[in-house]
$ cat run21.txt   # compact mmCIF, C-alpha atoms and all ligand atoms
# COMPACT_ATOMS: atom_id res chain seq x y z
CA MET A 1 10.56 29.59 4.56
CA GLN A 2 7.14 28.14 5.28
CA ASP A 3 5.99 26.64 8.56
CA ASN A 4 7.84 23.36 8.76
CA HIS A 5 5.01 20.86 9.00
CA LEU A 6 1.80 19.64 7.40
CA LEU A 7 -1.43 19.97 9.34
CA ASP A 8 -4.92 19.42 8.01
CA PRO A 9 -8.03 21.35 9.13
CA PHE A 10 -8.90 18.58 11.60
CA GLY A 11 -5.60 18.91 13.46
CA ARG A 12 -4.09 15.75 11.96
CA ARG A 13 -0.39 15.98 11.33
CA ILE A 14 0.78 14.34 8.13
CA SER A 15 3.86 12.24 8.69
CA TYR A 16 3.37 9.43 6.21
CA LEU A 17 3.59 9.54 2.41
CA ARG A 18 2.67 6.77 0.02
CA LEU A 19 4.47 7.41 -3.19
CA SER A 20 3.51 5.49 -6.30
CA VAL A 21 6.38 5.09 -8.74
CA THR A 22 4.49 3.42 -11.59
CA ASP A 23 0.94 2.52 -12.56
CA ARG A 24 2.21 -0.57 -14.43
CA CYS A 25 2.26 -4.08 -13.10
CA ASP A 26 3.20 -7.60 -14.16
CA PHE A 27 0.07 -9.00 -12.44
CA ARG A 28 -3.60 -8.26 -13.07
CA CYS A 29 -5.25 -8.95 -9.72
CA THR A 30 -8.98 -9.13 -10.25
CA TYR A 31 -9.84 -6.73 -7.42
CA CYS A 32 -7.28 -4.19 -8.60
CA MET A 33 -7.09 -4.14 -12.40
CA SER A 34 -8.95 -5.26 -15.45
CA GLU A 35 -7.09 -7.64 -17.82
CA ASP A 36 -6.93 -4.97 -20.53
CA MET A 37 -5.71 -2.06 -18.42
CA VAL A 38 -4.61 1.01 -20.33
CA PHE A 39 -1.59 2.53 -18.60
CA ALA A 40 -0.58 6.17 -18.64
CA PRO A 41 1.84 7.23 -21.41
CA ARG A 42 5.40 7.34 -20.05
CA ALA A 43 5.64 11.11 -20.42
CA GLN A 44 2.78 11.45 -17.94
CA ILE A 45 4.63 9.51 -15.26
CA LEU A 46 6.92 11.38 -12.88
CA SER A 47 10.61 10.93 -13.68
CA LEU A 48 12.90 9.60 -10.94
CA GLU A 49 14.14 13.15 -10.40
CA GLU A 50 10.58 14.45 -10.04
CA LEU A 51 9.68 11.63 -7.66
CA TYR A 52 12.66 12.58 -5.54
CA ALA A 53 11.66 16.26 -5.61
CA VAL A 54 8.20 15.35 -4.29
CA ALA A 55 9.58 13.11 -1.56
CA ASP A 56 12.16 15.74 -0.65
CA ALA A 57 9.45 18.40 -0.18
CA PHE A 58 7.45 16.08 2.05
CA ILE A 59 10.52 15.19 4.12
CA ASP A 60 11.27 18.90 4.55
CA LEU A 61 7.73 19.30 5.85
CA GLY A 62 8.10 16.66 8.51
CA VAL A 63 7.20 13.38 6.79
CA LYS A 64 9.04 10.60 8.60
CA ARG A 65 7.79 7.55 6.78
CA ILE A 66 7.59 6.87 3.08
CA ARG A 67 6.07 3.82 1.50
CA ILE A 68 6.94 3.19 -2.15
CA THR A 69 4.14 1.52 -4.04
CA GLY A 70 2.44 1.26 -7.44
CA GLY A 71 1.35 -0.55 -9.62
CA GLU A 72 4.24 -2.88 -9.00
CA PRO A 73 7.09 -0.62 -7.82
CA LEU A 74 9.79 -3.16 -8.62
CA VAL A 75 9.05 -3.00 -12.36
CA ARG A 76 10.05 0.68 -12.38
CA LYS A 77 13.45 1.03 -14.04
CA GLY A 78 16.06 2.78 -11.92
CA LEU A 79 14.06 2.38 -8.72
CA THR A 80 17.05 1.42 -6.60
CA SER A 81 18.81 4.70 -7.41
CA LEU A 82 15.76 6.61 -6.09
CA LEU A 83 15.67 4.38 -3.03
CA ALA A 84 19.34 4.94 -2.31
CA ARG A 85 18.79 8.72 -2.34
CA LEU A 86 15.81 8.41 -0.01
CA GLY A 87 17.55 5.83 2.15
CA ALA A 88 20.35 8.35 2.75
CA ARG A 89 17.94 10.92 4.24
CA GLU A 90 18.46 10.80 7.99
CA GLU A 91 15.12 12.47 8.74
CA LEU A 92 13.32 9.37 7.46
CA GLU A 93 12.55 6.83 10.16
CA ASP A 94 11.09 4.34 7.78
CA LEU A 95 11.42 3.57 4.08
CA ALA A 96 9.07 0.78 3.10
CA ILE A 97 7.90 -0.90 -0.11
CA THR A 98 4.70 -2.70 -0.99
CA SER A 99 5.31 -5.31 -3.68
CA ASN A 100 3.64 -8.30 -5.24
CA GLY A 101 6.90 -10.19 -4.69
CA SER A 102 7.44 -11.25 -8.30
CA GLN A 103 10.83 -9.51 -8.64
CA LEU A 104 12.10 -10.01 -5.11
CA ALA A 105 14.13 -13.14 -5.76
CA HIS A 106 16.66 -11.04 -7.67
CA MET A 107 16.05 -7.62 -6.08
CA ALA A 108 15.67 -8.20 -2.34
CA THR A 109 19.34 -7.75 -1.48
CA ASP A 110 19.67 -4.53 -3.52
CA LEU A 111 16.56 -3.12 -1.87
CA ARG A 112 17.92 -3.81 1.58
CA ARG A 113 21.27 -2.25 0.63
CA SER A 114 19.49 0.88 -0.63
CA GLY A 115 18.11 1.49 2.84
CA VAL A 116 14.63 -0.04 2.58
CA THR A 117 13.66 -1.06 6.11
CA ARG A 118 10.32 -2.81 5.74
CA LEU A 119 8.61 -4.82 3.05
CA ASN A 120 4.96 -5.64 2.49
CA ILE A 121 4.37 -8.52 0.12
CA SER A 122 0.93 -9.30 -1.25
CA LEU A 123 -0.12 -12.94 -1.10
CA ASP A 124 -3.76 -13.89 -1.47
CA SER A 125 -3.43 -17.66 -1.66
CA LEU A 126 -0.96 -20.48 -1.08
CA GLN A 127 -2.75 -22.64 -3.64
CA ARG A 128 -1.38 -22.40 -7.14
CA GLU A 129 -4.68 -22.34 -9.02
CA ARG A 130 -6.28 -19.87 -6.69
CA PHE A 131 -3.24 -17.64 -6.78
CA ALA A 132 -3.44 -17.68 -10.57
CA ALA A 133 -7.16 -16.86 -10.43
CA PHE A 134 -6.54 -13.88 -8.12
CA THR A 135 -3.59 -12.43 -10.02
CA ARG A 136 -4.44 -13.76 -13.51
CA ARG A 137 -0.80 -14.96 -13.53
CA ASP A 138 0.50 -18.44 -12.70
CA ARG A 139 3.44 -17.22 -10.60
CA LEU A 140 2.97 -18.49 -7.07
CA ASP A 141 6.39 -20.19 -7.05
CA GLN A 142 8.10 -17.00 -8.14
CA VAL A 143 6.46 -15.06 -5.30
CA LEU A 144 7.31 -17.72 -2.71
CA ALA A 145 10.95 -17.61 -3.88
CA GLY A 146 10.77 -13.82 -3.52
CA ILE A 147 9.54 -14.14 0.06
CA ASP A 148 12.45 -16.47 0.87
CA ALA A 149 14.93 -14.03 -0.68
CA ALA A 150 13.45 -11.16 1.33
CA ARG A 151 13.79 -13.14 4.54
CA ALA A 152 17.41 -13.84 3.76
CA ALA A 153 18.12 -10.16 3.00
CA GLY A 154 17.46 -9.06 6.59
CA PHE A 155 14.63 -6.50 6.50
CA ARG A 156 13.44 -5.10 9.83
CA ARG A 157 9.97 -6.54 9.30
CA ILE A 158 8.24 -8.33 6.45
CA LYS A 159 4.47 -8.31 6.30
CA LEU A 160 2.18 -10.24 4.02
CA ASN A 161 -0.98 -8.51 2.74
CA THR A 162 -4.01 -10.62 1.91
CA VAL A 163 -7.26 -9.36 0.43
CA VAL A 164 -9.91 -11.76 1.69
CA GLN A 165 -12.89 -12.70 -0.46
CA LYS A 166 -15.74 -14.89 0.59
CA GLY A 167 -15.81 -18.21 -1.24
CA ARG A 168 -12.41 -17.56 -2.83
CA ASN A 169 -9.79 -17.57 -0.07
CA ASP A 170 -11.60 -17.02 3.24
CA ASP A 171 -11.08 -20.71 4.06
CA GLU A 172 -7.31 -20.18 3.76
CA VAL A 173 -6.82 -17.49 6.39
CA GLN A 174 -5.63 -19.96 9.04
CA ASP A 175 -3.14 -21.54 6.62
CA LEU A 176 -1.84 -18.09 5.70
CA VAL A 177 -1.31 -17.22 9.37
CA ALA A 178 0.48 -20.57 9.86
CA PHE A 179 2.70 -19.74 6.86
CA ALA A 180 3.54 -16.35 8.43
CA VAL A 181 4.17 -17.82 11.89
CA GLU A 182 6.53 -20.48 10.53
CA ARG A 183 8.63 -17.79 8.85
CA GLY A 184 8.50 -15.08 11.54
CA LEU A 185 6.47 -12.73 9.31
CA ASP A 186 3.49 -10.49 10.05
CA ILE A 187 0.29 -10.65 8.04
CA SER A 188 -2.56 -8.19 7.44
CA PHE A 189 -5.96 -9.13 6.12
CA ILE A 190 -7.64 -6.47 4.01
CA GLU A 191 -11.32 -5.87 3.30
CA GLU A 192 -11.69 -5.22 -0.42
CA MET A 193 -12.37 -1.59 -1.25
CA PRO A 194 -14.59 -0.36 -4.08
CA LEU A 195 -11.83 1.25 -6.14
CA GLY A 196 -12.07 1.10 -9.94
CA SER A 197 -14.65 -0.66 -12.04
CA ILE A 198 -14.20 -4.45 -12.22
CA SER A 199 -16.13 -7.17 -13.99
CA SER A 200 -14.67 -10.34 -12.41
CA HIS A 201 -16.83 -10.40 -9.29
CA GLU A 202 -19.55 -8.58 -7.42
CA ARG A 203 -17.88 -6.96 -4.46
CA LYS A 204 -20.84 -6.99 -2.12
CA VAL A 205 -21.07 -10.79 -2.52
CA THR A 206 -17.39 -11.46 -1.85
CA LEU A 207 -16.85 -8.92 0.94
CA CYS A 208 -15.47 -10.71 3.98
CA THR A 209 -15.29 -8.49 7.05
CA SER A 210 -12.28 -8.31 9.35
CA GLU A 211 -14.51 -9.55 12.15
CA GLU A 212 -15.25 -12.76 10.22
CA VAL A 213 -11.58 -13.27 9.42
CA ARG A 214 -10.52 -12.67 13.02
CA GLU A 215 -13.03 -15.19 14.27
CA ARG A 216 -11.73 -17.79 11.86
CA VAL A 217 -8.08 -17.16 12.69
CA GLY A 218 -9.00 -17.27 16.40
CA GLN A 219 -10.29 -20.83 16.00
CA ARG A 220 -6.70 -22.02 15.45
CA PHE A 221 -4.49 -19.33 17.00
CA GLN A 222 -4.71 -17.37 20.24
CA LEU A 223 -4.82 -13.68 19.41
CA LEU A 224 -3.99 -10.96 21.90
CA PRO A 225 -4.89 -7.32 21.04
CA SER A 226 -1.59 -5.55 20.52
CA SER A 227 -0.38 -1.96 20.62
CA TYR A 228 1.92 -2.65 17.65
CA ARG A 229 1.51 0.09 14.99
CA THR A 230 3.24 0.62 11.69
CA GLY A 231 1.86 4.04 10.79
CA GLY A 232 -0.72 2.43 8.51
CA PRO A 233 -4.39 1.64 9.17
CA SER A 234 -3.91 -1.96 10.41
CA ARG A 235 -5.10 -2.94 13.90
CA TYR A 236 -2.87 -5.69 15.25
CA TYR A 237 -3.13 -8.81 17.34
CA GLN A 238 -0.17 -10.82 18.53
CA VAL A 239 -0.30 -14.56 17.89
CA ILE A 240 0.49 -15.76 21.39
CA GLY A 241 3.77 -17.63 21.68
CA THR A 242 5.08 -16.29 18.35
CA GLU A 243 6.62 -13.14 16.86
CA THR A 244 3.79 -12.77 14.38
CA GLN A 245 1.40 -9.82 14.40
CA VAL A 246 -1.88 -10.31 12.59
CA GLY A 247 -3.34 -7.06 11.29
CA PHE A 248 -6.78 -6.15 10.02
CA ILE A 249 -7.42 -3.33 7.58
CA SER A 250 -11.11 -2.58 7.71
CA PRO A 251 -12.19 0.32 5.54
CA HIS A 252 -15.79 -0.95 5.65
CA SER A 253 -16.27 -2.18 9.15
CA ARG A 254 -14.04 0.29 11.01
CA ASN A 255 -13.62 3.83 9.87
CA PHE A 256 -9.97 4.66 10.56
CA CYS A 257 -10.07 8.22 9.26
CA GLY A 258 -9.87 9.90 12.68
CA ASP A 259 -6.18 9.16 13.07
CA CYS A 260 -5.31 9.39 9.36
CA ASN A 261 -1.75 10.70 9.12
CA ARG A 262 -1.07 10.02 5.45
CA VAL A 263 -1.42 11.28 1.91
CA ARG A 264 -0.67 9.67 -1.42
CA VAL A 265 1.03 10.79 -4.58
CA THR A 266 0.19 8.90 -7.75
CA ALA A 267 2.72 7.93 -10.39
CA GLU A 268 1.30 10.77 -12.50
CA GLY A 269 2.07 13.23 -9.73
CA LYS A 270 -1.45 13.72 -8.38
CA LEU A 271 -1.59 14.43 -4.68
CA VAL A 272 -4.49 12.38 -3.30
CA LEU A 273 -5.58 13.54 0.12
CA CYS A 274 -7.97 10.67 0.80
CA LEU A 275 -8.28 7.26 -0.83
CA GLY A 276 -12.07 7.49 -0.69
CA HIS A 277 -12.39 10.82 -2.53
CA GLU A 278 -11.79 11.83 -6.11
CA GLY A 279 -10.15 15.19 -5.39
CA ALA A 280 -6.44 15.49 -6.28
CA LEU A 281 -3.89 18.24 -6.83
CA ASP A 282 -1.65 18.13 -9.90
CA LEU A 283 1.91 18.31 -8.54
CA LYS A 284 3.41 17.28 -11.86
CA ALA A 285 2.07 20.40 -13.59
CA LEU A 286 3.56 22.53 -10.85
CA ILE A 287 6.96 20.79 -10.90
CA ARG A 288 7.20 20.95 -14.69
CA ARG A 289 6.18 24.60 -14.77
CA HIS A 290 8.66 25.54 -12.05
CA PRO A 291 11.43 22.94 -12.10
CA GLY A 292 13.73 23.09 -9.08
CA ASP A 293 11.49 25.51 -7.16
CA ARG A 294 11.40 23.70 -3.82
CA GLU A 295 9.84 26.62 -1.96
CA ARG A 296 6.86 26.76 -4.30
CA LEU A 297 6.32 23.01 -4.06
CA ARG A 298 6.38 23.09 -0.26
CA ALA A 299 3.93 26.02 -0.21
CA ALA A 300 1.57 24.13 -2.55
CA LEU A 301 1.63 21.08 -0.28
CA ILE A 302 0.85 23.12 2.81
CA ASP A 303 -2.00 24.81 0.95
CA ALA A 304 -3.38 21.54 -0.39
CA LEU A 305 -3.58 20.01 3.06
CA ARG A 306 -6.35 22.48 3.87
CA LEU A 307 -8.53 20.39 1.58
CA LYS A 308 -7.98 16.99 3.20
CA PRO A 309 -11.44 15.52 3.78
CA GLU A 310 -12.46 14.45 7.25
CA LYS A 311 -13.34 10.87 6.28
CA HIS A 312 -14.26 8.41 3.56
CA HIS A 313 -17.54 6.54 3.19
CA PHE A 314 -17.33 3.19 1.45
CA GLU A 315 -20.61 1.34 0.95
CA ALA A 316 -20.40 -2.43 0.53
CA ASP A 317 -23.39 -2.56 -1.81
CA SER A 318 -21.89 -0.19 -4.32
CA GLN A 319 -19.68 -1.71 -7.00
CA VAL A 320 -17.70 1.43 -7.81
CA GLN A 321 -17.43 4.52 -5.70
CA VAL A 322 -14.12 5.90 -6.69
CA VAL A 323 -13.33 5.58 -10.35
CA ARG A 324 -9.58 5.43 -9.73
CA PHE A 325 -8.08 1.93 -9.47
CA MET A 326 -5.92 1.14 -6.46
CA SER A 327 -3.02 0.54 -8.86
CA MET A 328 -3.26 4.16 -9.99
CA THR A 329 -3.42 5.64 -6.53
CA GLY A 330 -0.89 3.40 -4.92
CA GLY A 331 -2.02 0.88 -2.32
N1 LIG B 1 1.68 -4.24 -6.59
C1 LIG B 1 1.96 -4.13 -5.21
C2 LIG B 1 1.20 -5.17 -4.41
O1 LIG B 1 0.32 -5.82 -4.96
O2 LIG B 1 1.52 -5.32 -3.23
C3 LIG B 1 1.69 -2.75 -4.64
C4 LIG B 1 0.45 -2.03 -5.09
S1 LIG B 1 -1.07 -2.78 -4.61
C5 LIG B 1 -2.22 -1.64 -5.32
C6 LIG B 1 -1.08 -2.50 -2.87
C7 LIG B 1 -2.06 -3.30 -2.07
O3 LIG B 1 -3.37 -2.90 -2.41
C8 LIG B 1 -1.99 -4.79 -2.29
O4 LIG B 1 -1.80 -5.44 -1.05
C9 LIG B 1 -3.34 -5.13 -2.87
O5 LIG B 1 -3.76 -6.39 -2.45
C10 LIG B 1 -4.20 -4.02 -2.34
N2 LIG B 1 -5.40 -3.76 -3.15
C11 LIG B 1 -5.51 -3.53 -4.47
N3 LIG B 1 -6.79 -3.28 -4.84
C12 LIG B 1 -7.52 -3.35 -3.71
C13 LIG B 1 -8.91 -3.18 -3.40
N4 LIG B 1 -9.81 -2.91 -4.35
N5 LIG B 1 -9.29 -3.33 -2.10
C14 LIG B 1 -8.38 -3.59 -1.12
N6 LIG B 1 -7.07 -3.75 -1.34
C15 LIG B 1 -6.63 -3.64 -2.62
FE1 LIG B 2 -0.52 -5.36 -9.50
FE2 LIG B 2 -0.52 -5.02 -6.87
FE3 LIG B 2 -2.68 -4.38 -8.33
FE4 LIG B 2 -2.06 -6.91 -8.04
S1 LIG B 2 -2.64 -5.50 -6.39
S2 LIG B 2 -2.61 -5.90 -9.98
S3 LIG B 2 0.10 -6.86 -7.98
S4 LIG B 2 -0.73 -3.40 -8.43
$ encode --input "run21.txt" --output "structure tokens"
Amino acid sequence: MQDNHLLDPFGRRISYLRLSVTDRCDFRCTYCMSEDMVFAPRAQILSLEELYAVADAFIDLGVKRIRITGGEPLVRKGLTSLLARLGAREELEDLAITSNGSQLAHMATDLRRSGVTRLNISLDSLQRERFAAFTRRDRLDQVLAGIDAARAAGFRRIKLNTVVQKGRNDDEVQDLVAFAVERGLDISFIEEMPLGSISSHERKVTLCTSEEVRERVGQRFQLLPSSYRTGGPSRYYQVIGTETQVGFISPHSRNFCGDCNRVRVTAEGKLVLCLGHEGALDLKALIRRHPGDRERLRAALIDALRLKPEKHHFEADSQVQVVRFMSMTGG
């Protein structure tokens, strides 16, 4: 039996896994995908059994939090059966999902029953036309209904995620915080990262820093720096007098690598040690060559952690730095 935890060469203990269950999605957000995305052939995607085997190995090695992501995780068939198996693992402190919200109106209750504790829902605009421009889909109402259903289903916390772009939704950040406050939700604002090649906009022109967003939100709401942490890279502020935490994810303006505690596994079974680097280990090849060999999988994970880079470097003036799209890696 191997040593029972995952440490990288910089002494960081890995306790958080982001597991992508599909690269497919029913939206085509401009910062994330091109309209004519080519998805991986189904045979290349990990089966539900293989996804569980990967998660199981990480849990055995001390991972306490798993976030299920994609693509859009809720379009993956059979997802709730995987969630129920993970939800039954007592070692897990947190089983979370990041979703675009489109399927939540009919799935929220099942997700909660399967043991999902927290939900992140992406919402870039409250204005129908803008929402459609961001996602290339006219489905704002569907997502708002999904948010209502999630609130009714009783998750521990629900957080909205908003990618802020100058000239496109930066004037809406106060309204989005008001929306969150009225519903007792949290909200994180994200600086766009240069992942995947896109043609819809020039990222260095639309980049809106967390500092700019915080200043704008602060004009309407009183923000108090908060010690609230979710295991992710957000830095939080409490909106005084409310339950709402406002988070900022700042890959450009604040390098959060020092306390990085997470790794990602793509839907194709690639272990990605850092979002800002191309390097990845092919877990699928290993699992398919040695099905059911849990010991070998654990040993490979421990070995791979030796290669986790110290930090990422994103440059705002570069359009593409990592060829992988966020939808492939899992956000
Ligand atoms: N489909 C789900 C969703 O949209 O929430 C989960 C996957 S998505 C890739 C996860 C998160 O990544 C979303 O909040 C999305 O806004 C964010 N995202 C995608 N591409 C990004 C980029 N280039 N820079 C920053 N955030 C990005
Ligand atoms: Fe789909 Fe999420 Fe990417 Fe939007 S951000 S295209 S919803 S995977």
$ residues_around --input "run21.txt" --residues "Val143 in chain A" --least-positions-apart "6" --cutoff "9 Å" --atoms "all atoms listed in the file" --output "ChimeraX atom specification"
/A:100-105,121-123
$ residues_near_ligand --input "run21.txt" --ligand "ligand LIG 2 (chain B)" --cutoff "6 Å" --atoms "all atoms listed in the file" --output "NGL selection string"
:A and (25 or 27-29 or 32-33 or 70-72 or 100 or 327)
$ closest_residue --input "run21.txt" --among "A:Ser15, A:Ser234, A:Ser250, A:Asn120" --to "Thr209 in chain A" --atoms "all atoms listed in the file"
A:Ser250
$ residues_near_ligand --input "run21.txt" --ligand "ligand LIG 1 (chain B)" --cutoff "9 Å" --atoms "all atoms listed in the file" --output "PyMOL selection string"
chain A and resi 20+23-27+29-33+68-74+97-101+120-124+160-164+188+190-196+249+251+325-331
$ closest_residue --input "run21.txt" --among "A:Arg262, A:Arg229, A:Cys274, A:Leu144" --to "Leu307 in chain A" --atoms "only C-alpha atoms"
A:Cys274
$ closest_atom_pairs --input "run21.txt" --of "range 86-131 of chain A" --to "range 45-54 of chain A" --cutoff "12 Å" --atoms "all atoms listed in the file" --output "tab-separated table"
residue	atom	partner	partner_atom	distance
A:Leu86	CA	A:Tyr52	CA	7.6
A:Gly87	CA	A:Tyr52	CA	11.3
A:Arg89	CA	A:Tyr52	CA	11.2
$ atom_distance --input "run21.txt" --atom1 "CA of Arg76 in chain A" --atom2 "CA of Arg294 in chain A"
24.6 Å
$ atom_distance --input "run21.txt" --atom1 "CA of Leu286 in chain A" --atom2 "CA of Leu19 in chain A"
17.0 Å
$ atom_distance --input "run21.txt" --atom1 "CA of Val246 in chain A" --atom2 "CA of Arg128 in chain A"
23.1 Å
$ residues_around --input "run21.txt" --residues "Arg214 in chain A" --least-positions-apart "4" --cutoff "12 Å" --atoms "all atoms listed in the file" --output "VMD selection string"
chain A and resid 164 170 173 to 174 177 188 to 191 208 to 210 218 to 225 235 to 239 246 to 250
$ closest_residue --input "run21.txt" --among "A:Ile158, A:Leu207, A:Leu61, A:Ala150" --to "Ala300 in chain A" --atoms "all atoms listed in the file"
A:Leu61
$ axis_aligned_box --input "run21.txt" --around "range 240-243 of chain A" --padding-each-side "5 Å" --output "AutoDock Vina command-line options"
--center_x 3.6 --center_y -15.4 --center_z 19.3 --size_x 16.1 --size_y 14.5 --size_z 14.8
$ closest_residue --input "run21.txt" --among "A:Glu91, A:Glu243, A:Glu268, A:Asp36" --to "Thr22 in chain A" --atoms "all atoms listed in the file"
A:Glu268
$ closest_residue --input "run21.txt" --among "A:Ala108, A:Ile287, A:Leu297, A:Ile14" --to "Phe155 in chain A" --atoms "only C-alpha atoms"
A:Ala108
$ residues_around --input "run21.txt" --residues "Leu83 in chain A" --least-positions-apart "4" --cutoff "8 Å" --atoms "only C-alpha atoms" --output "compact mmCIF listing (two decimals) with C-alpha atoms, keeping the file's coordinate frame"
# COMPACT_ATOMS: atom_id res chain seq x y z
CA LEU A 79 14.06 2.38 -8.72
CA GLY A 87 17.55 5.83 2.15
CA LEU A 111 16.56 -3.12 -1.87
CA SER A 114 19.49 0.88 -0.63
CA GLY A 115 18.11 1.49 2.84
CA VAL A 116 14.63 -0.04 2.58
$ closest_residue --input "run21.txt" --among "A:Lys166, A:Arg157, A:Arg137, A:Lys270" --to "Glu202 in chain A" --atoms "only C-alpha atoms"
A:Lys166
$ residues_around --input "run21.txt" --residues "Asp141 in chain A" --least-positions-apart "4" --cutoff "10 Å" --atoms "only C-alpha atoms" --output "short mmCIF file (atom, residue, chain, number, x, y, z; two decimals) with C-alpha atoms, keeping the file's coordinate frame"
data_model
loop_
_atom_site.label_atom_id
_atom_site.label_comp_id
_atom_site.auth_asym_id
_atom_site.auth_seq_id
_atom_site.Cartn_x
_atom_site.Cartn_y
_atom_site.Cartn_z
CA SER A 102 7.44 -11.25 -8.30
CA LEU A 126 -0.96 -20.48 -1.08
CA ARG A 128 -1.38 -22.40 -7.14
CA PHE A 131 -3.24 -17.64 -6.78
CA ALA A 145 10.95 -17.61 -3.88
CA GLY A 146 10.77 -13.82 -3.52
CA ILE A 147 9.54 -14.14 0.06
#
